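Each remark here refers to the structure printed beneath this line.
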Amino acid sequence: MKHTGRPLVCLSLLSTCVLGRMAFPDCVGGPEVLTTNLVCDTTATPAERAAALISAWNITEKLANLVDKSLGAPRLGLGAYDWWNEALHGVGFSPGVVFAPSGEFSHATSFASPILLSAAFDDDLVHAVADVISNEARAYSNFGHAGLDYWTPNINPFKDPRWGRGSETPGEDPFRIKGYVKALIDGLQGTEDVTKVIATCKHYAAYDLEYWGGVKRYEFDAIVGMQDLVEYYLPPFQQCARDSKVKSIMCSYNSVNGTPACASTYLMETVLRDFWEWEDENQYITSDCNAILNFHEDHNYTTTAAQSAAISLISGTDSICEVGTNTDIIGAWEQELLPEEVIDLALRRMYEGLIRAGYFDPADSTPYRSLSWQDVNTPEAQALAVRSAAEGIVLKKNDGLLPLKVDNATSIALIGFWADATNLAMLGGYAGVPSYLQAPLQAAQKFGYQTTYATGPVKQTTSDPDTWTEAALSAANESDIVIYFGGNDMTIEAEELDRFSIAWPAAQLALIEKLSALGKPFIVVELGDQNDDTPLLSDDNVSAILWAGFPGQDGGTAVFDVLTGKTAPAGRLPTTLYPAEYVDQVPMTDMSLRPSETNPGRTYKWYDKAVLPYGFGLHYTTFEPSFGPDAFAGKTYDIAELLGACDEKYLDLCPFETVRISVQNTGNATSDFVALAFLSGEYGPTPRPIKELAAYTRVREVRPGEAREARLRLKLGDLARVDARGNTVLYPGAYSLLLDVPTRATAGFELAGEEALLVEFPQPPPDLGEGNGHGKYTP
């Protein structure tokens, strides 16, 4: 979302002053025009109730409710409603969320950022976190501190390491994102007839640039071929829309192949609503904030604000988010650019979403309305916040120092900008107010360790005044063990802030080298997204490296749980760790994935020169993963028979095989193990990917000497590849299933017969502007 210069907390307070707190309409004691309207009849269908409500509005009321700060209809007993609520990894600052200064509803649980939570490769954990977030979000809504819809999750694949918002996402692999999304949406929206909270998958589509090389996200035109679009950028949204039936989707700032995403009838109508059949509950689309303004100010797609408002709504956007007041919906109506039937359809979709969430229902009609302050930041939620961070932490290097053997006589130097809780860096983006913040220093003191502390630089260079090295070396010299807490905070990577370098910040690397030279046991714990760790991995005096993402309100406890072995590390890298020179080899504006003369390839599928590969992660023990004795055994499958045995509506969801694996702990520590299985082979169109993730599972608490069985379930869509037209095809050929990173076991099978079309993807019109029917609105 686009923010003004003021902090989000101020935006939230401003919103409160303008709109007031959210209140459920009173279908019993409200105005007769409301109580007698079908919208208050819970026996009617949601669509009927929404249609009845909108038919009671006059045109002035309709126009006032097409933006995120909807004014409601006081005549009907409908108060104002702010659609902009955030909950990326906990209820977060946003105009619709009102944190009290103190007492009840003054804070909420802050979990690990999505990139770290995803690194645990545990969808049950993702669901548990989402369930708690939605409990707290509903409690806030029930007492007027937030709305019923939340603009989460961010599911754009994180293909370029420079992207400032990568930590908001589950990582670079679309298959992993789909699993994460399924678990998250189920946890957020609930399983009752009434929606728990309305989730919003964003940003649709092909959005992964903030500001790079003089190009801003507000003007960027993402040129994406059909193969890359369908294979890489769209699968998470297919999961959201077609398979998980998310209640809302947000269209993005950028254009896609010449048309602003929020004006693309191809993306919003042809693909999303028609092809993916995302219309069964009249779900709605919201724009990103000021994305409609960008039509005429940045994309030069229209010339006036009225044209922009009209074209967005006609093309399929239902709610327009704006920062300030800059959407000329009234002008669009008065200039006869915007038909009333388009207005009515948008409003029916939006308010049907609220109806399905119980907005007009009696308080006793759903258990969700009973959630209250007592359900916010409970002891169970606090423990889950620690788990959400600890189980995703990735061990990148260990010379045997870890797990630490420390007692109260051991002195530990904690050095770095995020070692102390006075720095909020652990929370990451789109955070709210946590009830407490335990950084590494506070956690170490809680555990009774002897500590010394010194801060460190963040993004300073070696030519900046050095105000940290002397104190840091002094603290290190006084201690038995040195732990450096560095990496990236949100002054380096954030919304509207892409990186130009993925090397360690110069002043930080210089300090690391000086601390390393002391020759003491030395550990580096990294915050934020990946930097090129080559200098640290090759330095024998750096004993261990942990990556901790943005670990949330109790990140310090999570880190020490892993350092001391209370939680054995089992997280896996959710992104490729690229060398620093990668940023000079391909521009961020290049949306292609496959290698070419101007592109070395993107993600682990197409790039093989990683410092550390996708899925890498060490343990405190050793494992021997293997396939079960009945895993394929060179079996050949007939493609026609596979399809003939399937009764799924969507052929890509047809089951293929359930593969048994064995995970044996051959070391001395109890630990979880993440099993990753990739498919590889010479089948389908060229060039062919190195490998592609096809299944994963987390095997918990495998004891020393124990062998545990797990199952990996494959679908036909996991085997298929996408052709140049975006069609998903099952090809004959020899397939290899590769277990673990690096590969520890291989199982092979063959598909025989004619290739089969699983999904025929709709093609865009030759001229997207002409095909969208936008001629009279565009210059």
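Just so we're on the same page: first chain in the structure tokens is A, next is B, and so on; residues restart at 1 for each chain, and ligands are numbered from 1 in the order they show up.
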
Out of range 29-80 of chain A, which residues get alpha helix (DSSP H) from DSSP, as a compact mmCIF listing (two decimals) with N, CA, C and O atoms, in the first residue's frame?
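The result, written out as part.txt:
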# COMPACT_ATOMS: atom_id res chain seq x y z
N GLU A 32 -36.32 1.78 10.81
CA GLU A 32 -37.23 0.82 10.20
C GLU A 32 -36.82 0.48 8.77
O GLU A 32 -36.98 -0.66 8.32
N VAL A 33 -36.24 1.47 8.08
CA VAL A 33 -35.83 1.22 6.70
C VAL A 33 -34.75 0.15 6.64
O VAL A 33 -34.59 -0.55 5.64
N LEU A 34 -34.01 -0.03 7.74
CA LEU A 34 -33.03 -1.10 7.82
C LEU A 34 -33.66 -2.39 8.32
O LEU A 34 -33.49 -3.45 7.71
N THR A 35 -34.36 -2.31 9.44
CA THR A 35 -34.87 -3.53 10.08
C THR A 35 -35.87 -4.29 9.21
O THR A 35 -36.04 -5.50 9.36
N PRO A 46 -27.05 -14.75 1.03
CA PRO A 46 -26.21 -13.54 1.07
C PRO A 46 -26.38 -12.66 -0.15
O PRO A 46 -26.39 -11.43 -0.04
N ALA A 47 -26.51 -13.26 -1.33
CA ALA A 47 -26.68 -12.47 -2.54
C ALA A 47 -27.99 -11.70 -2.51
O ALA A 47 -28.04 -10.51 -2.91
N GLU A 48 -29.05 -12.32 -2.07
CA GLU A 48 -30.35 -11.64 -1.97
C GLU A 48 -30.28 -10.51 -0.96
O GLU A 48 -30.83 -9.41 -1.19
N ARG A 49 -29.64 -10.74 0.14
CA ARG A 49 -29.54 -9.71 1.18
C ARG A 49 -28.73 -8.51 0.68
O ARG A 49 -29.10 -7.35 0.92
N ALA A 50 -27.63 -8.78 0.00
CA ALA A 50 -26.81 -7.69 -0.54
C ALA A 50 -27.57 -6.89 -1.58
O ALA A 50 -27.53 -5.64 -1.58
N ALA A 51 -28.27 -7.57 -2.46
CA ALA A 51 -29.05 -6.87 -3.50
C ALA A 51 -30.12 -5.99 -2.88
O ALA A 51 -30.35 -4.85 -3.33
N ALA A 52 -30.77 -6.47 -1.83
CA ALA A 52 -31.81 -5.68 -1.17
C ALA A 52 -31.23 -4.44 -0.52
O ALA A 52 -31.82 -3.35 -0.57
N LEU A 53 -30.07 -4.59 0.10
CA LEU A 53 -29.43 -3.44 0.74
C LEU A 53 -29.08 -2.37 -0.28
O LEU A 53 -29.42 -1.19 -0.11
N ILE A 54 -28.42 -2.77 -1.35
CA ILE A 54 -27.96 -1.78 -2.33
C ILE A 54 -29.14 -1.13 -3.04
O ILE A 54 -29.09 0.05 -3.40
N SER A 55 -30.21 -1.87 -3.24
CA SER A 55 -31.38 -1.28 -3.91
C SER A 55 -32.04 -0.20 -3.06
O SER A 55 -32.78 0.65 -3.59
N ILE A 59 -28.24 7.28 -5.23
CA ILE A 59 -26.98 7.31 -5.96
C ILE A 59 -25.89 8.01 -5.15
O ILE A 59 -24.71 7.63 -5.22
N THR A 60 -26.24 9.00 -4.35
CA THR A 60 -25.23 9.67 -3.53
C THR A 60 -24.62 8.71 -2.54
O THR A 60 -23.39 8.68 -2.33
N GLU A 61 -25.46 7.90 -1.92
CA GLU A 61 -24.96 6.90 -0.97
C GLU A 61 -24.12 5.85 -1.67
O GLU A 61 -23.08 5.41 -1.14
N LYS A 62 -24.50 5.47 -2.84
CA LYS A 62 -23.73 4.47 -3.58
C LYS A 62 -22.33 4.97 -3.90
O LYS A 62 -21.34 4.27 -3.69
N LEU A 63 -22.26 6.19 -4.42
CA LEU A 63 -20.95 6.73 -4.82
C LEU A 63 -20.02 6.90 -3.63
O LEU A 63 -18.80 6.80 -3.77

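Backbone DSSP of range 666-711 of chain A yields strand (DSSP E or B) at Ser671, Asp672, Phe673, Val674, Ala675, Leu676, Ala677, Phe678, Leu679, Ser680, Glu692, Leu693, Ala694, Ala695, Tyr696, Thr697, Arg698, Val699, Arg700, Glu701, Val702, Ala707, Arg708, Glu709, Ala710 and Arg711 of chain A.
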
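The shortest atom-to-atom distance to Thr636 in chain A, with only C-alpha atoms taken into account, belongs to A:Leu751 out of A:Val482, A:Leu88, A:Val702, A:Leu751.
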
Excluding same-chain residues fewer than 3 positions from Ser248 in chain A, what lies within 9 Å of it counting only C-alpha atoms, as a short mmCIF file (atom, residue, chain, number, x, y, z; two decimals) with all heavy atoms, in the first residue's frame?
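And here is the file that came out, result_34.cif:
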data_model
loop_
_atom_site.label_atom_id
_atom_site.label_comp_id
_atom_site.auth_asym_id
_atom_site.auth_seq_id
_atom_site.Cartn_x
_atom_site.Cartn_y
_atom_site.Cartn_z
N ASP A 149 -12.52 -7.23 7.32
CA ASP A 149 -11.67 -7.66 6.20
C ASP A 149 -10.23 -7.23 6.47
O ASP A 149 -9.98 -6.17 7.05
CB ASP A 149 -12.15 -7.02 4.89
CG ASP A 149 -11.89 -5.54 4.85
OD1 ASP A 149 -12.54 -4.80 5.62
OD2 ASP A 149 -11.02 -5.10 4.08
N TRP A 151 -6.22 -7.11 4.64
CA TRP A 151 -5.50 -7.17 3.38
C TRP A 151 -4.23 -8.00 3.56
O TRP A 151 -3.11 -7.48 3.58
CB TRP A 151 -5.20 -5.76 2.89
CG TRP A 151 -6.46 -5.05 2.46
CD1 TRP A 151 -7.71 -5.59 2.33
CD2 TRP A 151 -6.59 -3.67 2.11
NE1 TRP A 151 -8.61 -4.64 1.91
CE2 TRP A 151 -7.96 -3.45 1.77
CE3 TRP A 151 -5.70 -2.60 2.04
CZ2 TRP A 151 -8.44 -2.19 1.37
CZ3 TRP A 151 -6.17 -1.36 1.64
CH2 TRP A 151 -7.53 -1.15 1.31
N ILE A 198 -12.39 -11.74 6.50
CA ILE A 198 -12.23 -11.75 5.06
C ILE A 198 -10.74 -11.58 4.74
O ILE A 198 -10.15 -10.55 5.07
CB ILE A 198 -13.04 -10.62 4.41
CG1 ILE A 198 -14.54 -10.81 4.69
CG2 ILE A 198 -12.77 -10.54 2.91
CD1 ILE A 198 -15.38 -9.59 4.36
N ALA A 199 -10.14 -12.58 4.13
CA ALA A 199 -8.74 -12.49 3.72
C ALA A 199 -8.67 -11.88 2.32
O ALA A 199 -9.61 -11.97 1.53
CB ALA A 199 -8.09 -13.86 3.75
N THR A 200 -7.52 -11.28 2.01
CA THR A 200 -7.33 -10.62 0.72
C THR A 200 -5.97 -11.02 0.16
O THR A 200 -4.93 -10.63 0.70
CB THR A 200 -7.39 -9.09 0.86
OG1 THR A 200 -8.63 -8.72 1.45
CG2 THR A 200 -7.22 -8.40 -0.48
N CYS A 201 -5.94 -11.78 -0.91
CA CYS A 201 -4.68 -12.16 -1.54
C CYS A 201 -4.18 -11.01 -2.42
O CYS A 201 -4.94 -10.50 -3.25
CB CYS A 201 -4.86 -13.43 -2.37
SG CYS A 201 -5.13 -14.91 -1.37
N LYS A 202 -2.94 -10.65 -2.25
CA LYS A 202 -2.38 -9.51 -2.98
C LYS A 202 -0.94 -9.85 -3.40
O LYS A 202 -0.32 -10.73 -2.82
CB LYS A 202 -2.42 -8.25 -2.09
CG LYS A 202 -1.59 -8.36 -0.80
CD LYS A 202 -1.77 -7.14 0.09
CE LYS A 202 -0.85 -7.20 1.30
NZ LYS A 202 -1.08 -6.09 2.22
N ALA A 241 -7.91 -18.18 -5.41
CA ALA A 241 -9.22 -17.96 -6.03
C ALA A 241 -9.95 -19.26 -6.34
O ALA A 241 -11.06 -19.49 -5.86
CB ALA A 241 -9.04 -17.13 -7.30
N LYS A 245 -10.91 -20.32 -2.46
CA LYS A 245 -12.07 -19.42 -2.45
C LYS A 245 -11.89 -18.28 -1.46
O LYS A 245 -12.75 -18.01 -0.61
CB LYS A 245 -13.35 -20.21 -2.12
CG LYS A 245 -13.69 -21.28 -3.14
CD LYS A 245 -13.92 -20.69 -4.53
CE LYS A 245 -14.31 -21.76 -5.55
NZ LYS A 245 -14.42 -21.21 -6.93
N GLN A 283 -17.33 -12.68 -4.84
CA GLN A 283 -16.18 -12.09 -4.14
C GLN A 283 -15.77 -10.77 -4.80
O GLN A 283 -16.08 -10.53 -5.97
CB GLN A 283 -15.01 -13.08 -4.15
CG GLN A 283 -15.28 -14.39 -3.41
CD GLN A 283 -15.78 -15.51 -4.31
OE1 GLN A 283 -16.47 -15.28 -5.31
NE2 GLN A 283 -15.43 -16.74 -3.98
N TYR A 284 -15.06 -9.96 -4.05
CA TYR A 284 -14.76 -8.62 -4.56
C TYR A 284 -13.26 -8.38 -4.70
O TYR A 284 -12.43 -9.06 -4.09
CB TYR A 284 -15.37 -7.54 -3.66
CG TYR A 284 -14.81 -7.46 -2.26
CD1 TYR A 284 -13.72 -6.64 -1.96
CD2 TYR A 284 -15.37 -8.20 -1.22
CE1 TYR A 284 -13.21 -6.57 -0.68
CE2 TYR A 284 -14.87 -8.12 0.06
CZ TYR A 284 -13.79 -7.31 0.33
OH TYR A 284 -13.27 -7.24 1.61
N ILE A 285 -12.94 -7.39 -5.52
CA ILE A 285 -11.56 -6.97 -5.77
C ILE A 285 -11.39 -5.55 -5.27
O ILE A 285 -12.21 -4.67 -5.56
CB ILE A 285 -11.23 -7.02 -7.28
CG1 ILE A 285 -11.33 -8.45 -7.81
CG2 ILE A 285 -9.83 -6.46 -7.54
CD1 ILE A 285 -11.19 -8.55 -9.32
N THR A 286 -10.34 -5.33 -4.51
CA THR A 286 -9.98 -3.98 -4.09
C THR A 286 -8.70 -3.57 -4.81
O THR A 286 -7.86 -4.41 -5.12
CB THR A 286 -9.78 -3.88 -2.57
OG1 THR A 286 -9.47 -2.52 -2.22
CG2 THR A 286 -8.65 -4.77 -2.09
N MET A 350 -19.04 -6.22 -2.50
CA MET A 350 -18.40 -5.80 -1.26
C MET A 350 -19.27 -6.13 -0.04
O MET A 350 -18.78 -6.70 0.95
CB MET A 350 -18.11 -4.30 -1.31
CG MET A 350 -17.06 -3.90 -2.34
SD MET A 350 -17.14 -2.15 -2.76
CE MET A 350 -16.81 -1.41 -1.16
N GLY A 353 -19.70 -9.72 0.93
CA GLY A 353 -18.58 -10.16 1.75
C GLY A 353 -18.81 -9.88 3.22
O GLY A 353 -18.58 -10.74 4.09
#

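When only C-alpha atoms are used to compute distances to Tyr614 in chain A, the closest of the residues A:Gly428, A:Gly214, A:Pro574, A:Pro403 turns out to be A:Pro574.
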
Closest atom pairs, residues of range 55-138 of chain A within 10 Å of range 175-185 of chain A, only C-alpha atoms, as a tab-separated table:
residue	atom	partner	partner_atom	distance
A:Pro114	CA	A:Tyr180	CA	9.2
A:Leu117	CA	A:Tyr180	CA	9.2
A:Ser118	CA	A:Tyr180	CA	6.9
A:Ala119	CA	A:Arg176	CA	9.6
A:Phe121	CA	A:Arg176	CA	8.0
A:Asp122	CA	A:Tyr180	CA	8.3
A:Asp123	CA	A:Ala183	CA	5.7
A:Asp124	CA	A:Ala183	CA	7.0
A:Leu125	CA	A:Ala183	CA	8.6
A:Val126	CA	A:Leu184	CA	5.9
A:His127	CA	A:Ala183	CA	4.8
A:Ala128	CA	A:Leu184	CA	8.4
A:Val129	CA	A:Leu184	CA	7.9
A:Ala130	CA	A:Leu184	CA	5.4
A:Asp131	CA	A:Leu184	CA	8.1
A:Ile133	CA	A:Leu184	CA	10.0

Please produce a file of the residues just selected, as a PDB file, in the first residue's frame, where the atoms kept are C-alpha atoms.
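The result, stored in result.pdb:
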ATOM      1  CA  PRO A 114       5.910 -14.747   6.430  1.00  0.00           C
ATOM      2  CA  LEU A 117       7.292 -18.766   8.986  1.00  0.00           C
ATOM      3  CA  SER A 118       7.392 -20.282   5.501  1.00  0.00           C
ATOM      4  CA  ALA A 119      10.952 -21.534   6.098  1.00  0.00           C
ATOM      5  CA  PHE A 121       7.791 -25.828   5.758  1.00  0.00           C
ATOM      6  CA  ASP A 122       5.017 -26.730   8.176  1.00  0.00           C
ATOM      7  CA  ASP A 123       1.523 -25.904   6.949  1.00  0.00           C
ATOM      8  CA  ASP A 124      -0.019 -26.978  10.251  1.00  0.00           C
ATOM      9  CA  LEU A 125       2.048 -24.263  11.930  1.00  0.00           C
ATOM     10  CA  VAL A 126       0.940 -21.731   9.298  1.00  0.00           C
ATOM     11  CA  HIS A 127      -2.700 -22.662   9.960  1.00  0.00           C
ATOM     12  CA  ALA A 128      -2.234 -22.360  13.735  1.00  0.00           C
ATOM     13  CA  VAL A 129      -0.726 -18.884  13.362  1.00  0.00           C
ATOM     14  CA  ALA A 130      -3.519 -17.792  11.005  1.00  0.00           C
ATOM     15  CA  ASP A 131      -6.141 -19.124  13.411  1.00  0.00           C
ATOM     16  CA  ILE A 133      -4.391 -13.946  14.050  1.00  0.00           C
TER      17      ILE A 133
END

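As for CA of Ala443 in chain A and CA of Asp540 in chain A, they are spaced 27.7 Å apart.
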
I want to know what sits within 8 Å of range 359-374 of chain A, based on only C-alpha atoms, with residues of the same chain fewer than 6 positions away left out; could you give that as JSON, numbers by chain?
{"A": [24, 25, 26, 27, 39, 40, 42, 104, 105, 135, 136, 138, 139, 140, 142, 143, 194, 196]}

Fewer than 2 positions away in the same chain doesn't count, so skip those; otherwise give me all residues within 12 Å of Pro595 in chain A, counting only C-alpha atoms, as JSON, numbers by chain.
{"A": [585, 586, 590, 591, 592, 593, 597, 598, 599, 600, 601, 602, 603, 604, 605, 606, 607, 608, 686, 687, 688, 689, 690]}

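Of the listed residues A:Asn408, A:Ser501, A:Asn326, A:Ser319, the one whose atoms come nearest to Met588 in chain A is A:Ser501, with distances taken using only C-alpha atoms.
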
Restricting to only C-alpha atoms, whichever of A:Val458, A:Leu509, A:Leu414, A:Ala222 is closest to Leu473 in chain A is A:Leu414

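With only C-alpha atoms as the atoms that count, the residue of A:Arg273, A:His203, A:Arg572, A:His296 with the shortest distance to Met250 in chain A is A:His203.
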
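Separating CA of Asn282 in chain A from CA of Ile343 in chain A is a distance of 14.0 Å.
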
Got a sec: who's within 6 Å of Tyr218 in chain A, counting only C-alpha atoms, leaving out chain neighbours fewer than 2 positions off, as a PDB file with all heavy atoms, in the first residue's frame?
ATOM      1  N   LYS A 216       9.563   3.365 -10.904  1.00  0.00           N
ATOM      2  CA  LYS A 216       8.733   3.207  -9.722  1.00  0.00           C
ATOM      3  C   LYS A 216       7.628   2.194  -9.979  1.00  0.00           C
ATOM      4  O   LYS A 216       7.172   2.037 -11.108  1.00  0.00           O
ATOM      5  CB  LYS A 216       8.108   4.548  -9.329  1.00  0.00           C
ATOM      6  CG  LYS A 216       9.106   5.622  -8.956  1.00  0.00           C
ATOM      7  CD  LYS A 216       8.403   6.921  -8.602  1.00  0.00           C
ATOM      8  CE  LYS A 216       9.402   8.014  -8.243  1.00  0.00           C
ATOM      9  NZ  LYS A 216       8.713   9.302  -7.928  1.00  0.00           N
ATOM     10  N   PHE A 220       5.495   1.102 -13.455  1.00  0.00           N
ATOM     11  CA  PHE A 220       6.164  -0.051 -14.069  1.00  0.00           C
ATOM     12  C   PHE A 220       5.197  -0.890 -14.897  1.00  0.00           C
ATOM     13  O   PHE A 220       4.097  -1.230 -14.447  1.00  0.00           O
ATOM     14  CB  PHE A 220       6.797  -0.919 -12.981  1.00  0.00           C
ATOM     15  CG  PHE A 220       7.481  -2.152 -13.508  1.00  0.00           C
ATOM     16  CD1 PHE A 220       8.399  -2.066 -14.547  1.00  0.00           C
ATOM     17  CD2 PHE A 220       7.217  -3.393 -12.954  1.00  0.00           C
ATOM     18  CE1 PHE A 220       9.033  -3.204 -15.029  1.00  0.00           C
ATOM     19  CE2 PHE A 220       7.842  -4.532 -13.427  1.00  0.00           C
ATOM     20  CZ  PHE A 220       8.757  -4.440 -14.461  1.00  0.00           C
ATOM     21  N   TYR A 253      -0.273  -2.235  -8.371  1.00  0.00           N
ATOM     22  CA  TYR A 253       0.061  -0.941  -8.964  1.00  0.00           C
ATOM     23  C   TYR A 253       0.504  -1.057 -10.422  1.00  0.00           C
ATOM     24  O   TYR A 253       0.185  -0.212 -11.253  1.00  0.00           O
ATOM     25  CB  TYR A 253       1.224  -0.301  -8.198  1.00  0.00           C
ATOM     26  CG  TYR A 253       0.893   0.203  -6.827  1.00  0.00           C
ATOM     27  CD1 TYR A 253       1.516  -0.323  -5.703  1.00  0.00           C
ATOM     28  CD2 TYR A 253      -0.015   1.235  -6.645  1.00  0.00           C
ATOM     29  CE1 TYR A 253       1.238   0.152  -4.431  1.00  0.00           C
ATOM     30  CE2 TYR A 253      -0.304   1.725  -5.389  1.00  0.00           C
ATOM     31  CZ  TYR A 253       0.319   1.179  -4.276  1.00  0.00           C
ATOM     32  OH  TYR A 253       0.030   1.652  -3.031  1.00  0.00           O
ATOM     33  N   ASN A 254       1.293  -2.072 -10.715  1.00  0.00           N
ATOM     34  CA  ASN A 254       1.964  -2.154 -12.003  1.00  0.00           C
ATOM     35  C   ASN A 254       0.991  -2.472 -13.140  1.00  0.00           C
ATOM     36  O   ASN A 254      -0.115  -2.967 -12.921  1.00  0.00           O
ATOM     37  CB  ASN A 254       3.034  -3.244 -11.958  1.00  0.00           C
ATOM     38  CG  ASN A 254       2.472  -4.590 -11.536  1.00  0.00           C
ATOM     39  OD1 ASN A 254       2.157  -4.784 -10.366  1.00  0.00           O
ATOM     40  ND2 ASN A 254       2.334  -5.518 -12.474  1.00  0.00           N
ATOM     41  N   ASN A 294      -2.799   6.209 -10.213  1.00  0.00           N
ATOM     42  CA  ASN A 294      -1.643   5.957 -11.073  1.00  0.00           C
ATOM     43  C   ASN A 294      -2.016   5.796 -12.538  1.00  0.00           C
ATOM     44  O   ASN A 294      -1.152   5.961 -13.407  1.00  0.00           O
ATOM     45  CB  ASN A 294      -0.900   4.691 -10.629  1.00  0.00           C
ATOM     46  CG  ASN A 294      -0.381   4.764  -9.208  1.00  0.00           C
ATOM     47  OD1 ASN A 294      -0.364   3.758  -8.497  1.00  0.00           O
ATOM     48  ND2 ASN A 294       0.015   5.948  -8.759  1.00  0.00           N
TER      49      ASN A 294
END

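Taking CA of Arg499 in chain A and CA of Trp212 in chain A as the two end points, the separation is 7.8 Å.
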
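Among the candidate residues A:Val246, A:Leu424, A:Ala454, A:Ile329, the one lying nearest to Leu437 in chain A is A:Leu424, with distances computed using only C-alpha atoms.
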